[in-house]
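Written below as structure tokens is the structure these notes are about.
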Amino acid sequence: MNQNKNDTENNGNNEKSDLLDVYFFRNLVKNRFFKPAVNLIFFIVLLIILYFGLSSEPDLRFHGGIPFATTMIWDIWHPLLAFTLILLGRLWCFACPIGAVGDWTQSVFSLKKKYPEKYRNLWIAVILFLFIFAAERHLFMFTRNPPNTALLLLFFTGLAVVMGAVYEKRSFCRYICPIGLVLGVFSMLSAIELRCKSKKTCQEHNIKECVIGSEAGKACPVGEFPQTMERNNYCIMCMECVKSCSKNNIRLSPRLPGADLVNSRKAHLDEAYLVHGIIVIFLFVMGMERLQFRNVVINFVKSIAPFDTVVFRDFFVNYWRNMWAILIFAALTLGAAGLMYLSARASIPGKSTRQKFIELSYAFIPLSLSVYLAENTFRLLKGLFFITETIGKFFGRVWEFAINFDTINHLQLILLFAGFLFTLWAGYLISKKLPDSKNEIQHSMIAVGITAVVYLFIGVKILTLPII
Ligand code: SF4
Ligand code: SF4
């Protein structure tokens with residue numbers, strides 16, 4: 001009784017319900033064949049996608065080709081990942097075949113070097129993510145180019161192998177994987193968390209198997225320590241600590257979405273920049289799906305593109321627009337982040353503007369997620385309709401649905417407004433927990449409010465244009 005009381009005071013969370021206690025779930029997770037089996041299934045799916053992707057003609061619009069790889073990745077996997085984030089957080093990482101390939105490499109050979117200290121941040125992943133989506137439309141065309149989609153997957157699989165062979169633990173998942181990065185930041189909003197049940201039990205446990213590993217399970221592959229975990233970002237849900245902890249002290253609990261925004265004291269510039277970057281890039285991408293917006297951008301680019309230079313004609317025709325698109329994205333992102341920075345500086349005298357900017361940027365995670373979801377709405381519907389049609393065909397039925405662009409426009413606007421409201425709410429909660437909050441809360445809310453209204457205004461302008 002006293003033990004429980006002390007734990008609750010010390011921990012405040014050991015009364016939480018534990019999904020691992022549901023039926024045989026803990027035993028399943030602890031079974032040493034379960035995770036490899038899941039990884040193997042997804043690895044086989046990955047191989048099939050690679051095979052069909054590399055066998056296809058390059059551009060589905062002009063050459064026909066096999067759309068299997070692009071449909072599986074961009075219409076099913078990526079939108080499903082985005083839309084299940086709130087419920088499942090980073091649970092995908094448990095199943096991910098690319099991370100598993102890195103693991104398998106390590107079990108055969110690894111130099112086990114420590115990942116360099118100066119690169120222990122998320123900047124490489126941030127740049128990779130923003131570059132892939134900024135350059136998608138005119139340079140890589142992943143969504144309509146199956147071989148390029150397959151090459152992208154091969155690139156990251158190769159990187160996971162190389163990093164597994166050189167570095168210890170899951171350095172690829174922790175520092176490089178752009179999907180892991182985005183899942184990590186958005187999983188701060190998710191409705192589940194993996195934590196220790198009792199911090200007191202951890203404190204009193206001399207042999208910390210979650211850190212050093214044991215025969216039952218590995219040491220945490222991303223360097224997390226359950227006793228001090230206060231946010232979801234880096235935990236890849238591998239469940240090794242569930243296996244290794246001899247005290248049975250790990251729980252997987254449902255919670256209020258967004259709890260990490262309030263509970264976490266950690267804030268980093270790379271994540272703050274990503275949050276703004278996602279808003280700007282995906283608003284821009286949605287703009288490029290609308291003729292009026294696209295014409296403005298294309299006319300601007302044409303007016304400054306030296307297409308009459310004969311020697312470099314192909315280069316300019318193919319890549320000039322994209323180079324400009326990337327530059328415009330970068331400028332807009334920096335501009336948006338700069339706006340936030342300036343309003344934070346103007347409003348909060350005597351505080352570190354940089355730190356304030358970073359902390360308040362986390363309030364924009366809901367808006368960032370809503371824009372990310374809005375961009376994936378069309379693809380999610382396309383993917384779900386594809387699955388329904390395929391199931392229909394299997395049963396000899398015709399289950400066909402047409403995508404209504406007006407409906408998509410409305411859904412995107414609803415998402416945008418929901419993200420805006422949650423961002424204001426998150427801004428209020430974050431401001432409240434800052435030191436000296438009474439004086440600062442008003443100033444912080446002005447900084448968050450101004451930037452959120454600018455994003456909302458640009459978003460509404462773009463999303464009220466008809467989709468072509
Ligand atoms: S092994 Fe379990 S009890 Fe020990 S420190 Fe890790 S999570 Fe806590
Ligand atoms: S060992 Fe535990 S804390 Fe570490 S990544 Fe895996 S599930 Fe998360």
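Naming scheme: A, B, ... for chains in displayed order of the structure tokens; residues 1 onward per chain; ligands 1 onward as shown.
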Quiz item: Any idea what's packed within 12 Å of range 100-116 of chain A, counting only C-alpha atoms, ignoring anything in its chain fewer than 2 positions away? Could you give it as a ChimeraX atom specification?
Solution: /A:35-44,46-47,92-98,118-121,154,156-177,218,221-223,236,238
Self-check item: ligand 1 neighbours within 9 Å using only C-alpha atoms and all ligand atoms, as a PyMOL selection string
Solution: chain A and resi 195-213+225-227+241-242+244-250
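Counting only C-alpha atoms and all ligand atoms and comparing A:Met340, A:Ala219, A:Val182, A:Val296, the residue that lies closest to ligand 2 is A:Ala219.
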Quiz prompt | Residues near Leu128 in chain A, cut-off 10 Å, only C-alpha atoms, skip fewer than 3 positions along chain, as a count of residues only | solution = 12
Self-check item: All helix (DSSP H, G or I) residues (DSSP, backbone) inside range 82-113 of chain A, as an MDAnalysis selection string
Solution: chainID A and resid 82:88 92:95 97:108
Print the selection's residues with C-alpha atoms to a file, as a short mmCIF file (atom, residue, chain, number, x, y, z; two decimals), in the first residue's frame.
data_model
loop_
_atom_site.label_atom_id
_atom_site.label_comp_id
_atom_site.auth_asym_id
_atom_site.auth_seq_id
_atom_site.Cartn_x
_atom_site.Cartn_y
_atom_site.Cartn_z
CA ALA A 82 -0.09 9.59 -41.41
CA PHE A 83 -3.71 8.95 -40.45
CA THR A 84 -2.97 6.28 -37.83
CA LEU A 85 -0.26 8.34 -36.11
CA ILE A 86 -2.56 9.79 -33.47
CA LEU A 87 -3.68 6.34 -32.42
CA LEU A 88 -0.51 4.32 -32.85
CA TRP A 92 5.17 1.27 -37.45
CA CYS A 93 8.87 1.25 -36.44
CA PHE A 94 8.25 -2.11 -34.72
CA ALA A 95 7.32 -3.65 -38.07
CA PRO A 97 11.61 -3.93 -42.67
CA ILE A 98 14.27 -1.31 -43.41
CA GLY A 99 15.19 -0.89 -39.74
CA ALA A 100 15.13 -4.69 -39.45
CA VAL A 101 17.60 -5.03 -42.35
CA GLY A 102 20.00 -2.83 -40.37
CA ASP A 103 19.51 -5.12 -37.38
CA TRP A 104 20.10 -8.26 -39.44
CA THR A 105 23.28 -6.71 -40.84
CA GLN A 106 24.52 -6.10 -37.30
CA SER A 107 23.86 -9.69 -36.33
CA VAL A 108 26.24 -10.78 -39.12
#
Self-check item: Contact residues around Thr407 in chain A with only C-alpha atoms at 12 Å, ignoring same-chain residues under 4 positions, as a ChimeraX atom specification
Solution: /A:374,377-378,381,402-403,411-414,463-464,466-467
How would the residues just picked look written out with C-alpha atoms as a short mmCIF file (atom, residue, chain, number, x, y, z; two decimals), in the first residue's frame?
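Output (selection-v8.cif):
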data_model
loop_
_atom_site.label_atom_id
_atom_site.label_comp_id
_atom_site.auth_asym_id
_atom_site.auth_seq_id
_atom_site.Cartn_x
_atom_site.Cartn_y
_atom_site.Cartn_z
CA ALA A 374 -4.58 17.39 -45.62
CA THR A 377 -6.28 13.10 -47.88
CA PHE A 378 -6.52 12.61 -51.62
CA LEU A 381 -9.07 8.07 -50.40
CA ALA A 402 -14.99 8.21 -57.75
CA ILE A 403 -12.95 10.82 -55.90
CA LEU A 411 -11.90 17.88 -45.67
CA GLN A 412 -8.60 19.72 -46.11
CA LEU A 413 -10.12 22.97 -44.82
CA ILE A 414 -11.65 21.21 -41.81
CA LEU A 463 -7.26 25.39 -50.22
CA THR A 464 -10.18 27.46 -51.50
CA PRO A 466 -10.31 24.49 -57.02
CA ILE A 467 -8.19 21.35 -57.40
#
Quiz item: Would you give me, as a list in words, the residues in range 110-208 of chain A that DSSP reads as strand (DSSP E or B)?
Solution: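 Answer for range 110-208 of chain A restricted to strand (DSSP E or B) is Lys113, Tyr167, Ile192, Glu193, Leu194, Arg195 and Cys196 of chain A.
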Quiz item: Expressed in Å to a single decimal, how great is the separation between CA of Asn299 in chain A and CA of Ile408 in chain A?
Solution: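 The value is 26.6 Å.
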Exercise. Considering only C-alpha atoms, return as a list in words whatever protein or nucleic-acid residues lie within 7 Å of Lys30 in chain A, sequence-local ones (same chain, fewer than 3 positions apart) excluded.
Key: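 Near Lys30 in chain A, the qualifying residues are Arg26, Asn27, Val242 and Lys243 of chain A.
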Write the residues of the selection above to a file with C-alpha atoms, as a PDB file, in the first residue's frame.
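Below you can see selection.pdb, which holds the result:
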ATOM      1  CA  ARG A  26       2.781  -9.055 -23.278  1.00  0.00           C
ATOM      2  CA  ASN A  27       3.668 -12.687 -23.947  1.00  0.00           C
ATOM      3  CA  VAL A 242       9.607  -5.100 -22.340  1.00  0.00           C
ATOM      4  CA  LYS A 243      11.626  -8.276 -22.878  1.00  0.00           C
TER       5      LYS A 243
END
